[in-house]
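Shown next: my_file-v7.txt, containing compact mmCIF, C-alpha atoms and all ligand atoms.
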```
# COMPACT_ATOMS: atom_id res chain seq x y z
CA MET A 1 55.85 113.26 101.47
CA SER A 2 58.75 114.16 103.72
CA SER A 3 61.96 115.01 101.96
CA ILE A 4 65.17 113.53 103.23
CA PRO A 5 67.63 116.27 104.13
CA ASP A 6 70.86 116.30 102.21
CA PRO A 7 73.72 114.77 104.15
CA PRO A 8 76.13 117.29 105.55
CA VAL A 9 78.96 117.97 103.23
CA ILE A 10 82.08 116.50 104.68
CA ALA A 11 85.08 118.34 103.63
CA THR A 12 87.52 115.78 102.49
CA ALA A 13 90.16 118.07 101.08
CA VAL A 14 93.05 118.56 103.44
CA ARG A 15 93.39 122.23 104.30
CA PRO A 16 96.78 123.44 103.11
CA PRO A 17 99.03 124.12 106.07
CA VAL A 18 99.28 127.73 107.16
CA PRO A 19 102.77 128.78 106.18
CA GLN A 20 104.76 128.96 109.37
CA GLY A 21 108.21 130.43 109.00
CA PRO A 22 110.89 129.82 111.54
CA PRO A 23 110.06 131.28 114.97
CA THR A 24 112.22 134.30 114.21
CA SER A 25 112.81 135.14 110.58
CA GLY A 26 116.00 137.00 111.48
CA THR A 27 118.01 133.88 112.35
CA ARG A 28 119.61 133.52 108.92
CA PRO A 29 120.52 137.22 108.59
CA LEU A 30 121.93 137.00 112.12
CA LEU A 31 124.12 134.10 111.06
CA ALA A 32 125.28 136.15 108.08
CA ALA A 33 126.00 139.13 110.38
CA SER A 34 128.02 136.87 112.70
CA ILE A 35 130.03 135.51 109.79
CA ALA A 36 130.67 139.07 108.59
CA GLY A 37 131.82 140.03 112.12
CA GLY A 38 134.12 137.01 112.21
CA ALA A 39 135.55 138.07 108.85
CA VAL A 40 136.21 141.59 110.19
CA ALA A 41 138.06 140.17 113.21
CA LEU A 42 140.06 137.82 111.00
CA ALA A 43 140.91 140.59 108.53
CA LEU A 44 142.20 142.86 111.34
CA GLY A 45 144.28 140.05 112.83
CA THR A 46 145.69 139.15 109.42
CA TYR A 47 146.55 142.78 108.69
CA GLY A 48 148.19 143.16 112.12
CA ASN A 49 150.22 140.02 111.42
CA VAL A 50 151.42 140.61 107.87
CA HIS A 51 151.89 144.38 108.10
CA GLU A 52 155.37 145.48 109.24
CA PRO A 53 154.72 147.54 112.43
CA THR A 54 155.88 151.10 111.83
CA GLY A 55 156.57 151.98 115.48
CA ASP A 56 155.54 155.52 114.57
CA SER A 57 153.57 157.96 116.67
CA ILE A 58 150.16 159.49 115.99
CA ALA A 59 148.36 162.59 117.30
CA THR A 60 148.38 162.74 121.10
CA PHE A 61 145.19 164.85 121.46
CA GLY A 62 146.77 167.07 124.15
CA PHE A 63 148.31 164.22 126.17
CA PRO A 64 152.08 164.27 126.85
CA ALA A 65 152.63 161.18 124.65
CA VAL A 66 150.79 158.53 122.63
CA LEU A 67 150.77 155.80 125.26
CA PRO A 68 149.07 157.86 128.01
CA MET A 69 146.58 159.08 125.40
CA LYS A 70 145.81 155.48 124.48
CA ALA A 71 145.51 154.40 128.13
CA TRP A 72 143.05 157.25 128.90
CA PHE A 73 141.08 156.94 125.67
CA ALA A 74 140.70 153.19 126.28
CA THR A 75 139.53 153.99 129.82
CA ALA A 76 136.92 156.37 128.38
CA VAL A 77 135.79 153.66 125.95
CA PHE A 78 135.52 151.19 128.83
CA ALA A 79 133.48 153.68 130.92
CA LEU A 80 131.16 154.32 127.95
CA ALA A 81 130.75 150.56 127.51
CA LEU A 82 129.70 150.24 131.14
CA ALA A 83 127.20 153.07 130.55
CA GLN A 84 125.95 151.02 127.59
CA LEU A 85 125.53 147.97 129.78
CA VAL A 86 123.58 149.82 132.49
CA SER A 87 121.36 151.70 130.02
CA ALA A 88 120.66 148.47 128.09
CA LEU A 89 119.65 146.69 131.31
CA ALA A 90 117.30 149.60 132.14
CA LEU A 91 115.83 149.59 128.60
CA TRP A 92 115.14 145.84 128.87
CA GLY A 93 113.51 146.30 132.28
CA ARG A 94 116.24 144.34 134.07
CA LEU A 95 117.09 146.97 136.68
CA PRO A 96 114.80 146.45 139.68
CA ALA A 97 115.42 150.00 140.91
CA VAL A 98 114.13 151.56 137.65
CA ASP A 99 110.30 151.40 137.41
CA SER A 100 109.75 153.20 134.11
CA THR A 101 112.17 153.88 131.27
CA PRO A 102 112.78 157.60 130.75
CA ARG A 103 112.51 158.81 127.16
CA TRP A 104 116.11 160.00 127.06
CA LEU A 105 117.55 156.59 127.88
CA ALA A 106 117.39 155.14 124.34
CA PRO A 107 119.23 158.13 122.78
CA VAL A 108 121.77 158.01 125.62
CA HIS A 109 122.34 154.32 124.90
CA ARG A 110 122.73 154.96 121.17
CA TRP A 111 125.07 157.95 121.51
CA SER A 112 127.26 156.44 124.22
CA GLY A 113 127.76 153.45 121.90
CA THR A 114 128.67 155.68 118.98
CA ALA A 115 131.06 157.70 121.18
CA ALA A 116 132.74 154.51 122.45
CA PHE A 117 133.30 153.36 118.87
CA VAL A 118 134.69 156.73 117.70
CA VAL A 119 137.04 157.15 120.70
CA SER A 120 138.36 153.60 120.22
CA LEU A 121 139.44 154.27 116.62
CA PRO A 122 142.67 156.26 117.14
CA VAL A 123 143.72 153.80 119.85
CA ALA A 124 143.14 150.73 117.71
CA TYR A 125 144.66 152.48 114.70
CA HIS A 126 147.93 152.99 116.61
CA CYS A 127 147.79 149.42 117.96
CA LEU A 128 147.35 147.86 114.54
CA TRP A 129 149.44 150.18 112.39
CA SER A 130 152.29 151.01 114.74
CA LEU A 131 152.50 147.89 116.97
CA GLY A 132 150.79 145.14 114.98
CA PHE A 133 149.48 141.80 116.26
CA GLN A 134 151.91 140.62 118.94
CA ASP A 135 152.17 137.45 121.02
CA THR A 136 155.23 138.23 123.15
CA ASP A 137 153.44 136.99 126.29
CA ALA A 138 149.97 135.84 127.37
CA ARG A 139 148.76 139.36 128.23
CA VAL A 140 149.86 140.86 124.91
CA LEU A 141 148.44 137.90 122.94
CA ALA A 142 145.12 138.14 124.82
CA HIS A 143 145.04 141.89 124.15
CA SER A 144 145.70 141.47 120.43
CA LEU A 145 143.03 138.77 120.11
CA LEU A 146 140.47 140.77 122.11
CA GLY A 147 141.15 143.90 120.04
CA CYS A 148 140.31 142.03 116.83
CA ALA A 149 137.31 140.28 118.44
CA PHE A 150 136.00 143.64 119.69
CA TYR A 151 135.68 145.07 116.18
CA GLY A 152 134.25 141.78 114.92
CA ALA A 153 131.54 141.91 117.62
CA MET A 154 130.98 145.60 116.87
CA ALA A 155 130.44 144.85 113.16
CA THR A 156 128.01 142.05 114.05
CA LYS A 157 126.06 144.33 116.38
CA LEU A 158 125.82 147.17 113.85
CA LEU A 159 124.50 144.73 111.24
CA ALA A 160 122.19 142.95 113.71
CA LEU A 161 120.49 146.23 114.64
CA ARG A 162 119.17 146.41 111.07
CA ILE A 163 117.70 142.88 111.00
CA ASP A 164 113.91 142.44 111.21
CA GLY A 165 112.69 139.61 113.42
CA LEU A 166 115.95 139.32 115.33
CA PRO A 167 115.77 136.63 118.05
CA ARG A 168 115.24 138.30 121.44
CA TRP A 169 118.43 136.86 122.89
CA ALA A 170 120.65 138.16 120.08
CA LEU A 171 121.28 141.78 121.10
CA PRO A 172 121.92 141.00 124.79
CA VAL A 173 124.36 138.27 123.76
CA ILE A 174 126.23 140.43 121.23
CA GLY A 175 126.22 143.44 123.59
CA GLY A 176 127.51 141.22 126.41
CA LEU A 177 130.27 139.97 124.12
CA LEU A 178 131.26 143.56 123.33
CA VAL A 179 131.42 144.55 127.01
CA THR A 180 133.39 141.37 127.79
CA CYS A 181 135.92 142.08 125.01
CA LEU A 182 136.33 145.67 126.22
CA THR A 183 136.77 144.62 129.84
CA GLY A 184 139.53 142.24 128.76
CA LEU A 185 141.06 144.92 126.51
CA TRP A 186 141.11 147.45 129.32
CA LEU A 187 142.59 144.98 131.84
CA THR A 188 145.36 143.92 129.43
CA SER A 189 146.29 147.45 128.32
CA SER A 190 145.20 150.49 130.37
CA LEU A 191 145.26 148.80 133.77
CA TRP A 192 148.62 147.28 132.91
CA PHE A 193 149.87 150.72 131.80
CA PHE A 194 148.59 152.55 134.91
CA THR A 195 150.04 149.97 137.31
CA ASN A 196 153.42 149.69 135.55
CA VAL A 197 154.01 153.19 134.22
CA GLY A 198 151.75 155.39 136.35
CA PHE A 199 149.29 158.14 135.48
CA PRO A 200 151.09 160.49 133.10
CA GLY A 201 148.88 163.30 131.89
CA VAL A 202 146.96 163.72 135.16
C1 LIG B 1 142.50 145.97 116.75
C2 LIG B 1 143.28 145.09 117.32
C3 LIG B 1 144.35 145.44 118.33
C4 LIG B 1 145.62 144.97 118.34
C5 LIG B 1 146.20 143.99 117.35
C6 LIG B 1 146.29 145.57 119.46
C7 LIG B 1 147.61 145.34 119.80
C8 LIG B 1 148.30 145.98 120.81
C9 LIG B 1 149.65 145.72 121.20
C10 LIG B 1 150.56 144.68 120.54
C11 LIG B 1 149.96 146.52 122.23
C12 LIG B 1 151.29 146.61 123.01
C13 LIG B 1 151.15 145.78 124.26
C14 LIG B 1 152.36 145.87 125.15
O1 LIG B 1 153.49 145.59 124.69
O2 LIG B 1 152.17 146.18 126.33
C15 LIG B 1 148.79 147.33 122.52
C16 LIG B 1 148.71 148.27 123.51
C17 LIG B 1 147.58 148.94 123.86
N1 LIG B 1 146.33 148.80 123.29
FE1 LIG B 1 145.88 147.61 121.70
N2 LIG B 1 145.42 146.39 120.11
C18 LIG B 1 144.22 146.35 119.45
C19 LIG B 1 143.05 147.02 119.78
C20 LIG B 1 142.93 147.87 120.87
C21 LIG B 1 141.71 148.50 121.29
C22 LIG B 1 140.36 148.34 120.58
C23 LIG B 1 142.00 149.24 122.40
C24 LIG B 1 141.08 150.08 123.26
C25 LIG B 1 140.00 150.65 122.86
C26 LIG B 1 143.42 149.09 122.66
C27 LIG B 1 144.10 149.72 123.70
C28 LIG B 1 145.45 149.63 123.93
C29 LIG B 1 146.16 150.36 124.96
C30 LIG B 1 145.56 151.38 125.92
C31 LIG B 1 147.49 149.94 124.92
C32 LIG B 1 148.62 150.41 125.89
C33 LIG B 1 149.43 151.50 125.29
C34 LIG B 1 150.47 150.93 124.32
O3 LIG B 1 151.28 150.08 124.72
O4 LIG B 1 150.48 151.35 123.16
N3 LIG B 1 143.93 148.23 121.72
N4 LIG B 1 147.79 146.96 121.64
```
Before anything else, please render the file you have as structure tokens.
Amino acid sequence: MSSIPDPPVIATAVRPPVPQGPPTSGTRPLLAASIAGGAVALALGTYGNVHEPTGDSIATFGFPAVLPMKAWFATAVFALALAQLVSALALWGRLPAVDSTPRWLAPVHRWSGTAAFVVSLPVAYHCLWSLGFQDTDARVLAHSLLGCAFYGAMATKLLALRIDGLPRWALPVIGGLLVTCLTGLWLTSSLWFFTNVGFPGV
């Protein structure tokens, strides 16, 4: 007597969906980092506005006066930012002339960024503490706004570097914002100073 084979077991239970997080889990922390950066920019602008500018001098670091020191330091910061831009493009394989990334490029990128931040501090300190947030004309207003935005973008970038699963576009966008702020800062301060006052200290 032939036995009838058991019918195949049909799985009727619906398989629970595989948990799929958002494409990049770092989106929320990135939003938080951006809000923190915005708060930094706002706090600097508020301080510059409510604080009575002292008009006092600070260390000149060997320059004949504070203003030439600031103009040259800001130029150094701008040059370091351009070095950041070029090294970042090379690290991301966006420079057609560079086939392979040398090992020293990542440390150069990191240290030029740190140097730019450190050199900017005495300049911005004098701007905020001695001059304050000013809006006497469009150039000075743009400079004051860009100065605050620069440190906001810097805070966002420093926080973003520590986020796991950061969207791929995030660092190029924040880095581009930083270089843009610095370009505007340099044009509205150092370039203005060199063209109107000259090159004291050279
Ligand atoms: C943090 C927010 C900042 C504020 C509120 C601010 C504000 C000002 C103001 C009101 C002036 C005088 C402009 C004039 O009358 O011509 C000034 C000048 C200048 N700033 Fe800033 N600034 C800030 C950040 C920065 C940063 C980050 C840099 C460069 C790294 C910078 C570089 C300069 C330079 C080179 C001058 C020209 C020298 C002088 O007039 O003292 N500033 N800033």
One-decimal distance in Å that lies between CA of Ala116 in chain A and CA of Ala97 in chain A: 25.7 Å
So how far away is CA of Ser112 in chain A from atom C33 of ligand LIG 1 (chain B), in Å?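 That distance, rounded to one decimal, is 22.7 Å.
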Figure out the distance between CA of Ile163 in chain A and atom C23 of ligand LIG 1 (chain B), please, to one decimal in Å. 27.6 Å
Taking (148.3, 143.0, 123.9) in the file's own coordinates, collect the residues within 12 Å, counting all atoms listed in the file, and hand them back as a VMD selection string. chain A and resid 48 124 127 to 128 131 to 148 184 to 193
Selected residues, C-alpha atoms, written as an mmCIF file, keeping the file's coordinate frame, please.
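What ended up in out-v3.cif:
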```cif
data_model
loop_
_atom_site.group_PDB
_atom_site.id
_atom_site.type_symbol
_atom_site.label_atom_id
_atom_site.label_comp_id
_atom_site.auth_asym_id
_atom_site.auth_seq_id
_atom_site.Cartn_x
_atom_site.Cartn_y
_atom_site.Cartn_z
ATOM 1 C CA GLY A 48 148.190 143.160 112.120
ATOM 2 C CA ALA A 124 143.140 150.730 117.710
ATOM 3 C CA CYS A 127 147.790 149.420 117.960
ATOM 4 C CA LEU A 128 147.350 147.860 114.540
ATOM 5 C CA LEU A 131 152.500 147.890 116.970
ATOM 6 C CA GLY A 132 150.790 145.140 114.980
ATOM 7 C CA PHE A 133 149.480 141.800 116.260
ATOM 8 C CA GLN A 134 151.910 140.620 118.940
ATOM 9 C CA ASP A 135 152.170 137.450 121.020
ATOM 10 C CA THR A 136 155.230 138.230 123.150
ATOM 11 C CA ASP A 137 153.440 136.990 126.290
ATOM 12 C CA ALA A 138 149.970 135.840 127.370
ATOM 13 C CA ARG A 139 148.760 139.360 128.230
ATOM 14 C CA VAL A 140 149.860 140.860 124.910
ATOM 15 C CA LEU A 141 148.440 137.900 122.940
ATOM 16 C CA ALA A 142 145.120 138.140 124.820
ATOM 17 C CA HIS A 143 145.040 141.890 124.150
ATOM 18 C CA SER A 144 145.700 141.470 120.430
ATOM 19 C CA LEU A 145 143.030 138.770 120.110
ATOM 20 C CA LEU A 146 140.470 140.770 122.110
ATOM 21 C CA GLY A 147 141.150 143.900 120.040
ATOM 22 C CA CYS A 148 140.310 142.030 116.830
ATOM 23 C CA GLY A 184 139.530 142.240 128.760
ATOM 24 C CA LEU A 185 141.060 144.920 126.510
ATOM 25 C CA TRP A 186 141.110 147.450 129.320
ATOM 26 C CA LEU A 187 142.590 144.980 131.840
ATOM 27 C CA THR A 188 145.360 143.920 129.430
ATOM 28 C CA SER A 189 146.290 147.450 128.320
ATOM 29 C CA SER A 190 145.200 150.490 130.370
ATOM 30 C CA LEU A 191 145.260 148.800 133.770
ATOM 31 C CA TRP A 192 148.620 147.280 132.910
ATOM 32 C CA PHE A 193 149.870 150.720 131.800
#
```
Name the residues in contact with Trp169 in chain A at a cut-off of 12 Å, using all atoms listed in the file, excluding same-chain residues fewer than 3 positions from it; report them as a short mmCIF file (atom, residue, chain, number, x, y, z; two decimals) with C-alpha atoms, in the coordinates of the input.
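This went into part-v5.cif:
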```cif
data_model
loop_
_atom_site.label_atom_id
_atom_site.label_comp_id
_atom_site.auth_asym_id
_atom_site.auth_seq_id
_atom_site.Cartn_x
_atom_site.Cartn_y
_atom_site.Cartn_z
CA THR A 24 112.22 134.30 114.21
CA GLY A 26 116.00 137.00 111.48
CA THR A 27 118.01 133.88 112.35
CA LEU A 30 121.93 137.00 112.12
CA TRP A 92 115.14 145.84 128.87
CA ALA A 160 122.19 142.95 113.71
CA GLY A 165 112.69 139.61 113.42
CA LEU A 166 115.95 139.32 115.33
CA PRO A 172 121.92 141.00 124.79
CA VAL A 173 124.36 138.27 123.76
CA ILE A 174 126.23 140.43 121.23
CA GLY A 175 126.22 143.44 123.59
CA GLY A 176 127.51 141.22 126.41
#
```
Selected residue of minimal separation from Ala115 in chain A among A:Ala65, A:Ala81, A:Val40, A:Val197, counting all atoms listed in the file: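 Looking only at the distances to Ala115 in chain A, the closest residue turns out to be A:Ala81.
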Using all atoms listed in the file, find the one residue out of A:Ala36, A:Met69, A:Val179, A:Leu105 that sits nearest to ligand LIG 1 (chain B). A:Met69
Nearest candidate to Gln84 in chain A (options A:Gly55, A:Gly37, A:Pro107, A:Pro167; using only C-alpha atoms):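 Of A:Gly55, A:Gly37, A:Pro107, A:Pro167, the one nearest Gln84 in chain A, counting only C-alpha atoms, is A:Pro107.
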Counting only C-alpha atoms and all ligand atoms, the option among A:Val119, A:Ala33, A:Leu82, A:Val98 closest to ligand LIG 1 (chain B):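 Of all the options, A:Val119 lies closest to ligand LIG 1 (chain B).
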If we count all atoms listed in the file and set the cut-off at 10 Å, which residues sit around Phe194 in chain A, ignoring sequence neighbours fewer than 5 positions away in its own chain? Please answer as a list in words.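 After dropping sequence-adjacent residues, the list is Pro68, Ala71, Trp72, Ser189, Phe199 and Pro200 of chain A.
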What's the 9 Å shell around His126 in chain A, counting only C-alpha atoms, without same-chain residues fewer than 6 positions away, as a PyMOL selection string? chain A and resi 55-58+66+70+132
Write out as an MDAnalysis selection string the residues lying within 12 Å of Leu80 in chain A, counting all atoms listed in the file and excluding same-chain residues fewer than 3 positions away. chainID A and resid 73:77 83:87 108:120 178:179 182:183
Centre, edges in Å (one decimal): axis-aligned box, ligand LIG 1 (chain B), 4 Å padding on all six sides, as AutoDock Vina command-line options:
```
--center_x 146.7 --center_y 147.7 --center_z 121.5 --size_x 21.5 --size_y 15.5 --size_z 17.6
```
Tell me which of A:Ala43, A:Ala90, A:His51, A:Asp164 sits closest to Ser25 in chain A, counting all atoms listed in the file. A:Asp164
